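Containing PDB, C-alpha atoms: run.pdb.
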ATOM      1  CA  LYS A 746      49.203  31.708 -21.651
ATOM      2  CA  LYS A 747      51.586  28.749 -21.869
ATOM      3  CA  PHE A 748      55.009  28.701 -20.276
ATOM      4  CA  ASN A 749      57.690  26.185 -19.379
ATOM      5  CA  LEU A 750      58.853  26.127 -15.773
ATOM      6  CA  TYR A 751      62.278  24.708 -14.924
ATOM      7  CA  ILE A 752      63.241  24.202 -11.276
ATOM      8  CA  THR A 753      66.684  22.944 -10.307
ATOM      9  CA  TRP A 754      67.662  21.848  -6.799
ATOM     10  CA  ASN A 755      70.000  19.589  -4.872
ATOM     11  CA  ASP A 756      68.935  17.026  -2.298
ATOM     12  CA  PRO A 757      72.045  15.799  -0.420
ATOM     13  CA  ARG A 758      70.047  12.903   1.084
ATOM     14  CA  LEU A 759      69.769  11.174  -2.283
ATOM     15  CA  ILE A 760      72.267   8.742  -3.730
ATOM     16  CA  TYR A 761      71.877   8.040  -7.434
ATOM     17  CA  GLN A 762      72.909   4.822  -9.130
ATOM     18  CA  ASN A 763      74.365   4.287 -12.581
ATOM     19  CA  LEU A 764      73.787   7.767 -13.979
ATOM     20  CA  LYS A 765      74.561   8.527 -17.593
ATOM     21  CA  LYS A 766      76.428  11.614 -18.786
ATOM     22  CA  ASP A 767      73.408  12.572 -20.918
ATOM     23  CA  PRO A 768      70.755  13.898 -18.482
ATOM     24  CA  ASN A 769      67.986  12.842 -20.874
ATOM     25  CA  LEU A 770      68.876   9.262 -19.971
ATOM     26  CA  ASN A 771      68.488  10.015 -16.224
ATOM     27  CA  VAL A 772      64.738  10.637 -16.204
ATOM     28  CA  LEU A 773      62.752   9.499 -13.171
ATOM     29  CA  ARG A 774      59.543   7.541 -13.653
ATOM     30  CA  LEU A 775      56.379   9.171 -12.313
ATOM     31  CA  GLU A 776      56.354   6.941  -9.219
ATOM     32  CA  GLY A 777      59.956   7.980  -8.485
ATOM     33  CA  GLN A 778      59.112  11.642  -9.033
ATOM     34  CA  LYS A 779      56.344  11.424  -6.443
ATOM     35  CA  ASN A 780      58.628   9.700  -3.904
ATOM     36  CA  ILE A 781      61.238  12.452  -3.687
ATOM     37  CA  TRP A 782      60.996  15.922  -2.206
ATOM     38  CA  ALA A 783      60.573  18.695  -4.766
ATOM     39  CA  PRO A 784      60.192  22.437  -4.183
ATOM     40  CA  VAL A 785      56.704  23.869  -4.640
ATOM     41  CA  ILE A 786      56.331  27.151  -6.500
ATOM     42  CA  ILE A 787      53.229  29.268  -5.913
ATOM     43  CA  PHE A 788      51.928  31.312  -8.833
ATOM     44  CA  GLU A 789      50.837  34.257  -6.705
ATOM     45  CA  ASN A 790      48.801  36.342  -9.093
ATOM     46  CA  THR A 791      46.424  33.633 -10.286
ATOM     47  CA  GLU A 792      42.821  33.316  -9.222
ATOM     48  CA  ASP A 793      43.439  30.315  -6.952
ATOM     49  CA  SER A 794      47.163  30.880  -6.210
ATOM     50  CA  ASP A 795      47.959  27.807  -8.304
ATOM     51  CA  GLN A 796      51.051  25.766  -7.463
ATOM     52  CA  SER A 797      53.613  23.746  -9.355
ATOM     53  CA  LYS A 798      52.823  20.062  -9.384
ATOM     54  CA  ILE A 799      54.226  16.679 -10.218
ATOM     55  CA  ASP A 800      52.022  14.653 -12.539
ATOM     56  CA  ASP A 801      52.171  12.822 -15.861
ATOM     57  CA  LYS A 802      53.043  16.132 -17.600
ATOM     58  CA  SER A 803      56.121  16.753 -15.445
ATOM     59  CA  LEU A 804      59.629  15.487 -16.014
ATOM     60  CA  ILE A 805      62.351  15.168 -13.393
ATOM     61  CA  ARG A 806      65.833  14.259 -14.487
ATOM     62  CA  VAL A 807      69.160  14.018 -12.696
ATOM     63  CA  LEU A 808      71.920  16.305 -13.974
ATOM     64  CA  PRO A 809      75.207  14.651 -12.962
ATOM     65  CA  ASN A 810      78.166  16.707 -11.769
ATOM     66  CA  LYS A 811      80.350  18.021 -14.589
ATOM     67  CA  ASP A 812      83.360  15.912 -13.509
ATOM     68  CA  PHE A 813      81.117  12.818 -13.405
ATOM     69  CA  ASN A 814      82.434  11.788  -9.972
ATOM     70  CA  TYR A 815      81.119   8.508  -8.591
ATOM     71  CA  LYS A 816      82.076   5.634  -6.295
ATOM     72  CA  LYS A 817      82.100   2.021  -7.413
ATOM     73  CA  SER A 818      80.348  -0.641  -5.397
ATOM     74  CA  ASP A 819      82.593  -2.813  -3.286
ATOM     75  CA  LYS A 820      83.253  -6.458  -4.005
ATOM     76  CA  SER A 821      80.631  -7.628  -1.514
ATOM     77  CA  GLU A 822      77.853  -6.496  -3.853
ATOM     78  CA  ILE A 823      76.751  -8.825  -6.612
ATOM     79  CA  ARG A 824      76.199  -6.090  -9.192
ATOM     80  CA  ASN A 825      78.721  -3.568 -10.405
ATOM     81  CA  THR A 826      77.032  -0.304  -9.369
ATOM     82  CA  TYR A 827      78.187   3.297  -9.667
ATOM     83  CA  TYR A 828      77.004   5.569  -6.842
ATOM     84  CA  PHE A 829      76.665   9.316  -7.320
ATOM     85  CA  GLN A 830      76.443  11.561  -4.251
ATOM     86  CA  ASP A 831      78.228  14.735  -5.299
ATOM     87  CA  PRO A 832      76.860  18.128  -4.131
ATOM     88  CA  GLU A 833      76.827  19.141  -7.788
ATOM     89  CA  ASP A 834      74.454  16.304  -8.787
ATOM     90  CA  VAL A 835      71.164  18.159  -9.133
ATOM     91  CA  LEU A 836      67.566  17.420  -9.990
ATOM     92  CA  GLN A 837      65.678  19.389 -12.616
ATOM     93  CA  LEU A 838      61.889  19.509 -12.819
ATOM     94  CA  SER A 839      60.346  20.750 -16.048
ATOM     95  CA  ARG A 840      56.683  21.169 -16.872
ATOM     96  CA  THR A 841      54.517  23.209 -19.217
ATOM     97  CA  TYR A 842      51.683  25.167 -17.597
ATOM     98  CA  LYS A 843      48.647  26.874 -19.087
ATOM     99  CA  ILE A 844      47.570  29.394 -16.466
ATOM    100  CA  ASP A 845      45.806  32.751 -16.586
ATOM    101  CA  PHE A 846      47.600  35.397 -14.538
ATOM    102  CA  LEU A 847      45.611  38.283 -13.038
ATOM    103  CA  CYS A 848      46.760  41.753 -14.012
ATOM    104  CA  SER A 849      45.550  45.309 -13.493
ATOM    105  CA  TYR A 850      45.621  47.638 -16.450
ATOM    106  CA  ASN A 851      45.337  51.416 -16.651
ATOM    107  CA  MET A 852      43.451  52.125 -19.866
ATOM    108  CA  ALA A 853      43.490  55.942 -19.550
ATOM    109  CA  LEU A 854      45.938  56.406 -22.440
ATOM    110  CA  PHE A 855      44.577  53.600 -24.653
ATOM    111  CA  PRO A 856      45.454  53.001 -27.514
ATOM    112  CA  PHE A 857      48.712  54.912 -27.025
ATOM    113  CA  ASP A 858      49.927  53.082 -23.955
ATOM    114  CA  THR A 859      52.018  50.093 -22.997
ATOM    115  CA  GLN A 860      50.861  47.669 -20.331
ATOM    116  CA  THR A 861      52.934  45.181 -18.375
ATOM    117  CA  CYS A 862      51.636  42.037 -16.718
ATOM    118  CA  SER A 863      54.002  40.169 -14.435
ATOM    119  CA  MET A 864      54.030  36.532 -13.432
ATOM    120  CA  ASN A 865      54.727  36.400  -9.694
ATOM    121  CA  PHE A 866      56.351  33.238  -8.372
ATOM    122  CA  GLN A 867      57.034  32.434  -4.734
ATOM    123  CA  LEU A 868      58.681  29.464  -3.105
ATOM    124  CA  ASP A 869      56.256  27.702  -0.763
ATOM    125  CA  GLU A 870      57.128  28.255   2.918
ATOM    126  CA  VAL A 871      57.687  24.551   3.549
ATOM    127  CA  SER A 872      59.946  24.357   0.473
ATOM    128  CA  TYR A 873      61.751  27.502   1.618
ATOM    129  CA  ALA A 874      62.594  25.830   4.951
ATOM    130  CA  PHE A 875      64.367  23.022   3.038
ATOM    131  CA  ALA A 876      66.169  25.311   0.565
TER     132      ALA A 876
END

Represent the structure of the file as structure tokens.
Amino acid sequence: KKFNLYITWNDPRLIYQNLKKDPNLNVLRLEGQKNIWAPVIIFENTEDSDQSKIDDKSLIRVLPNKDFNYKKSDKSEIRNTYYFQDPEDVLQLSRTYKIDFLCSYNMALFPFDTQTCSMNFQLDEVSYAFA
């Protein structure tokens, strides 16, 4: 009934500042999470076709590129800032969900049978257009 969903994506429009090599130190605050675009996943075989969401239970962190490439601010800026805009800098959303999935079972051979229930995920059409 409970599962962890991890979604990873790249948004080339974003420029990150002063990232750390440890992604756990690059966590966005809730207000920042709500201000960026994130893909929406539809849980198809649920009663209400539930969707992924960003709330106080979600966590978005920036995973910096493995070479840790960045550009330093120029001398005209007061602060020494490191800018990250590498195509390999990605965002990762993680959240735990407690959702009931709808499944059909064939009980004809019970108790000598095996049943399988799948969890069907689909990328929202608007999210798909941006992917």

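The nearest approach to Thr791 in chain A among the residues A:Val871, A:Leu764, A:Met864, A:Leu770, with all atoms listed in the file taken into account, belongs to A:Met864.
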
If we count all atoms listed in the file and set the cut-off at 12 Å, which residues sit around Asp767 in chain A, ignoring sequence neighbours fewer than 2 positions away in its own chain? Please answer as a PDB file with C-alpha atoms, in the frame of the given file.
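Written out: around_2.pdb:
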ATOM      1  CA  ASN A 763      74.365   4.287 -12.581  1.00  0.00           C
ATOM      2  CA  LEU A 764      73.787   7.767 -13.979  1.00  0.00           C
ATOM      3  CA  LYS A 765      74.561   8.527 -17.593  1.00  0.00           C
ATOM      4  CA  ASN A 769      67.986  12.842 -20.874  1.00  0.00           C
ATOM      5  CA  LEU A 770      68.876   9.262 -19.971  1.00  0.00           C
ATOM      6  CA  ASN A 771      68.488  10.015 -16.224  1.00  0.00           C
ATOM      7  CA  VAL A 772      64.738  10.637 -16.204  1.00  0.00           C
ATOM      8  CA  ARG A 806      65.833  14.259 -14.487  1.00  0.00           C
ATOM      9  CA  VAL A 807      69.160  14.018 -12.696  1.00  0.00           C
ATOM     10  CA  LEU A 808      71.920  16.305 -13.974  1.00  0.00           C
ATOM     11  CA  PRO A 809      75.207  14.651 -12.962  1.00  0.00           C
ATOM     12  CA  ASN A 810      78.166  16.707 -11.769  1.00  0.00           C
ATOM     13  CA  LYS A 811      80.350  18.021 -14.589  1.00  0.00           C
ATOM     14  CA  PHE A 813      81.117  12.818 -13.405  1.00  0.00           C
TER      15      PHE A 813
END

Taking the file as shown, find all residues satisfying the PyMOL selection byres ((chain A and resi 746) around 12) and write them as a PDB file with C-alpha atoms, in the frame of the given file.
ATOM      1  CA  LYS A 747      51.586  28.749 -21.869  1.00  0.00           C
ATOM      2  CA  PHE A 748      55.009  28.701 -20.276  1.00  0.00           C
ATOM      3  CA  ASN A 749      57.690  26.185 -19.379  1.00  0.00           C
ATOM      4  CA  THR A 791      46.424  33.633 -10.286  1.00  0.00           C
ATOM      5  CA  THR A 841      54.517  23.209 -19.217  1.00  0.00           C
ATOM      6  CA  TYR A 842      51.683  25.167 -17.597  1.00  0.00           C
ATOM      7  CA  LYS A 843      48.647  26.874 -19.087  1.00  0.00           C
ATOM      8  CA  ILE A 844      47.570  29.394 -16.466  1.00  0.00           C
ATOM      9  CA  ASP A 845      45.806  32.751 -16.586  1.00  0.00           C
ATOM     10  CA  PHE A 846      47.600  35.397 -14.538  1.00  0.00           C
ATOM     11  CA  LEU A 847      45.611  38.283 -13.038  1.00  0.00           C
ATOM     12  CA  CYS A 862      51.636  42.037 -16.718  1.00  0.00           C
ATOM     13  CA  MET A 864      54.030  36.532 -13.432  1.00  0.00           C
TER      14      MET A 864
END

For the structure shown, which residues end up in the PyMOL selection byres ((chain A and resi 836) around 8)? Put them as JSON, numbers by chain, please? {"A": [753, 754, 755, 756, 805, 806, 807, 808, 834, 835, 837, 838]}

Convert the output of the PyMOL selection byres ((chain A and resi 827) around 8) on the shown file into explicit residues, formatted as number ranges by chain. A: 762-764, 815-818, 825-826, 828-829

Atom pair CA of Asp795 in chain A / CA of Leu750 in chain A: separation (Å):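 One can read the CA of Asp795 in chain A to CA of Leu750 in chain A distance as 13.3 Å.
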
Could you check how far CA of Trp782 in chain A sits from CA of Asp869 in chain A, in Å to one decimal?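 Atom-to-atom, CA of Trp782 in chain A to CA of Asp869 in chain A, that is 12.8 Å.
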
At what distance in Å, to one decimal, does CA of Tyr751 in chain A lie from CA of Leu804 in chain A?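 Pair CA of Leu804 in chain A / CA of Tyr751 in chain A returns 9.7 Å.
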
Please, which residues are within 10 Å of (50.1, 34.2, -6.0) by the file's coordinates, counting all atoms listed in the file, and could they come as an mmCIF file with C-alpha atoms, in the coordinates of the input?
data_model
loop_
_atom_site.group_PDB
_atom_site.id
_atom_site.type_symbol
_atom_site.label_atom_id
_atom_site.label_comp_id
_atom_site.auth_asym_id
_atom_site.auth_seq_id
_atom_site.Cartn_x
_atom_site.Cartn_y
_atom_site.Cartn_z
ATOM 1 C CA ILE A 786 56.331 27.151 -6.500
ATOM 2 C CA ILE A 787 53.229 29.268 -5.913
ATOM 3 C CA PHE A 788 51.928 31.312 -8.833
ATOM 4 C CA GLU A 789 50.837 34.257 -6.705
ATOM 5 C CA ASN A 790 48.801 36.342 -9.093
ATOM 6 C CA THR A 791 46.424 33.633 -10.286
ATOM 7 C CA GLU A 792 42.821 33.316 -9.222
ATOM 8 C CA ASP A 793 43.439 30.315 -6.952
ATOM 9 C CA SER A 794 47.163 30.880 -6.210
ATOM 10 C CA ASP A 795 47.959 27.807 -8.304
ATOM 11 C CA GLN A 796 51.051 25.766 -7.463
ATOM 12 C CA PHE A 846 47.600 35.397 -14.538
ATOM 13 C CA LEU A 847 45.611 38.283 -13.038
ATOM 14 C CA MET A 864 54.030 36.532 -13.432
ATOM 15 C CA ASN A 865 54.727 36.400 -9.694
ATOM 16 C CA PHE A 866 56.351 33.238 -8.372
ATOM 17 C CA GLN A 867 57.034 32.434 -4.734
#

Go through A:Asn780, A:Cys848, A:Val785, A:Ile752 and flag the residue nearest Gln860 in chain A, using all atoms listed in the file for the distances.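 Looking at the shortest contact to Gln860 in chain A, the residue is A:Cys848.
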
Rank nothing, just name the residue among A:Gln830, A:Leu773, A:Leu854, A:Asn814 nearest to Leu759 in chain A, using all atoms listed in the file. A:Gln830

Taking the point (52.5, 12.6, -6.7) as given in the file, collect each protein or nucleic acid residue that comes within 10 Å of it, counting all atoms listed in the file, and present the set as an MDAnalysis selection string. chainID A and resid 775:781 798:801

Go through A:Ser803, A:Lys820, A:Glu833, A:Thr861 and flag the residue nearest Pro757 in chain A, using all atoms listed in the file for the distances.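 Comparing A:Ser803, A:Lys820, A:Glu833, A:Thr861 against Pro757 in chain A, the winner is A:Glu833.
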
Edge lengths and centre in Å, axis-aligned, range 809-812 of chain A plus 4 Å each side, as AutoDock Vina command-line options:
--center_x 79.3 --center_y 16.3 --center_z -13.2 --size_x 16.2 --size_y 11.4 --size_z 10.8
